[in-house]
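Asks: Please see the structure below; I have some questions.
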Amino acid sequence: MTVIASDVSTSFTWHDQARIVAPDGSKPSDPASEAISSASSEVCLISDADPVTAIHQIFRACEEGAEFSVVTEVMAGKKSKARTDDDATPYFQCMSSGTTGQPKNIRRTHLSWIRSFEINAASFNLTPTDSYGILGRLSHSLALYSVMEAAHIGADIHILAQLRPDRQIKALAAKETTVLYATPTQLRLLFSAEKLLRPQVLPAVRFIFCGGGNLDQATRENAAALFPNAALHEFYGASETSFITIADVETPVGSVGKAYPGVTVEIRQKEMALKNGVGEVWVKSPFLFDGYGQGDSEDTVWQDGFLSVGEMGWLDDMGNLFIAGRKNRMVTIADQNAFPEEIEKFLLSDPAVPHCCVLPRPDAKRGNVFVAIVAGNENAETRDRLIRLCRQNLGPLKAPRKIIFLPDFPLLSSGKPDLPSIRKIVGGTL
């Protein structure tokens with residue numbers, strides 16, 4: 001078990017060896033030069049429009065002891081309330097992905113992330129000689145986490161979010177980036193771009209930490225080809241929980257791994273009990289959030305120091321966690337509980353499916369049936385083939401009754417499907 005030093009800082013700090021590398025290859029000055037101010041009763045809302053400026057402002061806010069939140073440009077002019085008690089603990093806020101509803105501001109202590117920086121540095125030998133590629137916007141918590149971890153350990157920070165995927169690949173090669181935090185969607189976009197280039201290999205990448213969605217076998221194989229020397233670690237967590245589990249080469253297929261160091265995972269069934277040990281996932285750890293700065297979720301529940309965000313799953317005898325899906329997306333089909341995420345994961349394993357989501361449709365006989373929405377142009381041959389494969393592998397009840405193609409498939413900044421927008425688009429055709 002990884003042991004964390006007791007004298008670790010409780011506030012984000014800029015390591016003296018950390019450097020920002022802009023998309024043009026320039027190395028801007030360290031963050032101390034960027035001025036920022038905010039009333040103590042308000043959160044410093046920092047726009048992610050210019051990531052270099054945003055990083056400067058983040059660390060200036062940390063120096064001034066101000067609570068900050070990195071937001072999309074349209075939200076940067078709004079106000080958000082900070083803590084008003086006498087607690088001197090450093091706090092910040094990050095945005096949730098908002099896949100199934102409105103995005104929420106997650107309030108947490110700096111230390112809740114710093115603890116995992118220390119664990120990752122010790123577990124994977126991450127040092128100032130490493131360089132992190134930042135693929136997403138800093139309003140997305142995974143990209144922000146990557147920046148803050150790199151700054152903490154003294155690594156280079158390669159800003160790539162403003163580049164197209166093909167240019168990201170070229171930049172990763174030119175800069176010899178060694179560490180990536182990415183969603184499965186971000187990896188798939190890189191693979192799609194790589195096919196348009198001459199065959200690429202990025203041997204400098206040592207680690208890929210992948211979270212925020214289902215990591216299918218095709219994506220794993222593509223990652224092995226593009227990053228031949230990289231160890232790919234899938235992790236599972238949420239904005240509210242940070243790391244819950246992390247996988248390695250011994251993790252069984254379909255599992256998201258065993259509990260991350262310092263995390264306790266319990267499956268509590270109660271009234272939500274399903275067959276085969278499936279129940280609600282509850283987590284206790286030093287990485288949990290403090291509360292919501294804005295927004296709320298009825299699925300987020302605290303009990304005896306444990307937190308649930310409404311995910312359902314099960315543990316095998318070796319402690320490997322398997323995720324079935326979100327409680328609020330579970331539906332009943334012919335008296336059997338079913339999760340859209342299972343069908344989405346299967347569809348995404350097909351090369352013809354870059355993005356997809358599965359929605360329920362009321363059915364007089366079965367209660368509900370599934371309808372799949374797939375990114376791309378209408379293709380009858382692909383539609384019939386996918387439905388046939390779903391029936392063969394998932395059974396007739398779970399297989400989608402219909403597939404709708406969307407040429408312009410709405411995605412969130414995290415790369416996840418924007419379910420509310422998709423429902424609005426296809427609502428009348430389900």
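As shown in the structure tokens, the chain order sets the letters A, B, ...; within each chain, residues go from 1, and ligands are also counted from 1 in the order they appear.
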Per residue of stretch 229-307 of chain A within 10 Å of stretch 136-148 of chain A, what are the shortest atom pair and its distance in Å to one decimal, counting only C-alpha atoms, with rows by chain and residue number, as a Markdown table?
Replies:
| residue | atom | partner | partner_atom | distance |
| --- | --- | --- | --- | --- |
| A:Ala238 | CA | A:Ser141 | CA | 9.6 |
| A:Ser239 | CA | A:Ser141 | CA | 6.9 |
| A:Ser242 | CA | A:Leu142 | CA | 9.5 |
Asks: If you count only C-alpha atoms, which residues fall within 6 Å of A:Met95, apart from same-chain ones fewer than 2 positions away, as a list in words?
Replies: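 Here the answer would be Lys104, Asn105 and Ile106 of chain A.
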Asks: Keeping only all heavy atoms, write the selected residues to a file as a PDB file, in the first residue's frame.
Replies:
ATOM      1  N   LYS A 104     -23.007  20.450 -12.834  1.00  0.00           N
ATOM      2  CA  LYS A 104     -22.983  20.926 -11.452  1.00  0.00           C
ATOM      3  C   LYS A 104     -21.568  21.350 -11.096  1.00  0.00           C
ATOM      4  O   LYS A 104     -20.600  20.830 -11.640  1.00  0.00           O
ATOM      5  CB  LYS A 104     -23.463  19.817 -10.513  1.00  0.00           C
ATOM      6  CG  LYS A 104     -24.870  19.330 -10.790  1.00  0.00           C
ATOM      7  CD  LYS A 104     -25.225  18.127  -9.948  1.00  0.00           C
ATOM      8  CE  LYS A 104     -24.504  16.865 -10.400  1.00  0.00           C
ATOM      9  NZ  LYS A 104     -24.928  16.393 -11.733  1.00  0.00           N
ATOM     10  N   ASN A 105     -21.461  22.284 -10.175  1.00  0.00           N
ATOM     11  CA  ASN A 105     -20.149  22.671  -9.656  1.00  0.00           C
ATOM     12  C   ASN A 105     -19.822  21.815  -8.448  1.00  0.00           C
ATOM     13  O   ASN A 105     -20.574  21.793  -7.456  1.00  0.00           O
ATOM     14  CB  ASN A 105     -20.145  24.152  -9.262  1.00  0.00           C
ATOM     15  CG  ASN A 105     -19.898  25.053 -10.452  1.00  0.00           C
ATOM     16  OD1 ASN A 105     -19.997  24.618 -11.597  1.00  0.00           O
ATOM     17  ND2 ASN A 105     -19.581  26.307 -10.191  1.00  0.00           N
ATOM     18  N   ILE A 106     -18.702  21.109  -8.536  1.00  0.00           N
ATOM     19  CA  ILE A 106     -18.262  20.207  -7.479  1.00  0.00           C
ATOM     20  C   ILE A 106     -17.273  20.954  -6.594  1.00  0.00           C
ATOM     21  O   ILE A 106     -16.227  21.396  -7.045  1.00  0.00           O
ATOM     22  CB  ILE A 106     -17.569  18.969  -8.077  1.00  0.00           C
ATOM     23  CG1 ILE A 106     -18.440  18.307  -9.144  1.00  0.00           C
ATOM     24  CG2 ILE A 106     -17.167  18.003  -6.981  1.00  0.00           C
ATOM     25  CD1 ILE A 106     -19.751  17.785  -8.634  1.00  0.00           C
TER      26      ILE A 106
END
Asks: Please identify all polymer residues within 12 Å of A:Asp317, counting only C-alpha atoms, omitting same-chain residues fewer than 4 positions from it, and present them as a PyMOL selection string.
Replies: chain A and resi 252+258+277+321-322
Asks: What does the file look like for those residues with C-alpha atoms, as a compact mmCIF listing (two decimals), in the first residue's frame?
Replies:
# COMPACT_ATOMS: atom_id res chain seq x y z
CA PRO A 252 -10.60 -9.27 -15.81
CA LYS A 258 -9.83 -2.93 -7.76
CA GLY A 277 -25.06 -9.43 -6.47
CA LEU A 321 -15.58 -3.88 -9.51
CA PHE A 322 -17.98 -4.26 -12.44
Asks: When you count only C-alpha atoms, which of these residues is closest to A:Pro407: A:Ile425, A:Leu394, A:Cys94, A:Ala334?
Replies: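 The answer is A:Ile425, which sits nearest to A:Pro407.
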Asks: Would you pick out the contacts of stretch 376-393 of chain A at 10 Å or less, using only C-alpha atoms, so that residues sharing its chain but fewer than 2 positions from it are not included, and give the list as a PyMOL selection string?
Replies: chain A and resi 343+346-347+350+352-356+372-374+395-409
Asks: For A:Asn125, list every protein, DNA or RNA residue within 12 Å, evaluated using only C-alpha atoms, and leave out those in the same chain fewer than 3 positions away; present the list as an NGL selection string.
Replies: :A and (2 or 117-122 or 128-130 or 153 or 155 or 178-179 or 206-207)
Asks: Could you tell me how far atom CA of A:Cys44 sits from atom CA of A:Pro103, in Å to one decimal place?
Replies: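 If I compute the distance from atom CA of A:Pro103 to atom CA of A:Cys44, I get 18.0 Å.
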Asks: Got a sec to tell me which of stretch 304-430 of chain A DSSP assigns to strand (DSSP E), as a PyMOL selection string?
Replies: chain A and resi 306-308+311-315+321-326+331-333+336-338+356-363+367-375+402-406
Asks: What does the structure give for the distance between atom CA of A:Leu189 and atom CA of A:Gly212, in Å to one decimal?
Replies: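 Atom CA of A:Gly212 lies at a distance of 14.7 Å from atom CA of A:Leu189.
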Asks: I'd like the contact shell of stretch 173-176 of chain A - 7 Å cut-off, only C-alpha atoms, skipping same-chain residues fewer than 2 positions apart - returned as a list of chain:residue names.
Replies: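 The neighbour list is A:Ile169, A:Lys170, A:Ala171, A:Thr178, A:Leu202, A:Ala204.
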Asks: Given the choices A:Ala151, A:Leu45, A:Gln93, A:Asn320, which gets closest to A:Phe59 if the distance is worked out from only C-alpha atoms?
Replies: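 For A:Phe59, the nearest of the given residues is A:Ala151.
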Asks: Between A:Leu126, A:Leu197, A:Ala218, A:Val358, which is the closest to A:Glu344 once you count only C-alpha atoms?
Replies: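 Nearest candidate to A:Glu344 out of A:Leu126, A:Leu197, A:Ala218, A:Val358: A:Val358.
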Asks: Name all residues at most 10 Å from A:Thr185 (count only C-alpha atoms; drop same-chain ones fewer than 2 positions away) and give them as a PyMOL selection string.
Replies: chain A and resi 182-183+187-191+210-215+219+354-355+411+414-417
Asks: Please dump the current selection as a PDB file, in the first residue's frame; keep C-alpha atoms.
Replies:
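Here's the written file again20.pdb:
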ATOM      1  CA  ALA A 182      -7.942  10.922 -21.549  1.00  0.00           C
ATOM      2  CA  THR A 183     -11.530   9.854 -21.967  1.00  0.00           C
ATOM      3  CA  LEU A 187      -8.666   8.398 -27.587  1.00  0.00           C
ATOM      4  CA  ARG A 188     -11.076   7.392 -30.366  1.00  0.00           C
ATOM      5  CA  LEU A 189     -10.751  10.836 -31.930  1.00  0.00           C
ATOM      6  CA  LEU A 190      -6.970  10.432 -31.934  1.00  0.00           C
ATOM      7  CA  PHE A 191      -7.275   7.022 -33.585  1.00  0.00           C
ATOM      8  CA  CYS A 210      -8.367   6.567 -19.131  1.00  0.00           C
ATOM      9  CA  GLY A 211     -11.665   7.392 -17.416  1.00  0.00           C
ATOM     10  CA  GLY A 212     -15.031   8.969 -18.037  1.00  0.00           C
ATOM     11  CA  GLY A 213     -16.636   6.261 -20.152  1.00  0.00           C
ATOM     12  CA  ASN A 214     -16.578   2.687 -21.354  1.00  0.00           C
ATOM     13  CA  LEU A 215     -13.162   1.553 -22.582  1.00  0.00           C
ATOM     14  CA  THR A 219      -9.959   1.198 -28.226  1.00  0.00           C
ATOM     15  CA  PRO A 354     -17.763   6.420 -33.187  1.00  0.00           C
ATOM     16  CA  HIS A 355     -20.327   7.649 -30.630  1.00  0.00           C
ATOM     17  CA  LEU A 411     -21.208  15.760 -27.232  1.00  0.00           C
ATOM     18  CA  SER A 414     -15.901  15.816 -21.663  1.00  0.00           C
ATOM     19  CA  GLY A 415     -16.560  13.804 -24.828  1.00  0.00           C
ATOM     20  CA  LYS A 416     -19.642  12.114 -23.366  1.00  0.00           C
ATOM     21  CA  PRO A 417     -23.004  12.107 -25.180  1.00  0.00           C
TER      22      PRO A 417
END
Asks: Nearest to A:Val43 among A:Asn222, A:Gln269, A:Gln294, A:Ser9, with distances taken over only C-alpha atoms: which residue is it?
Replies: A:Gln294
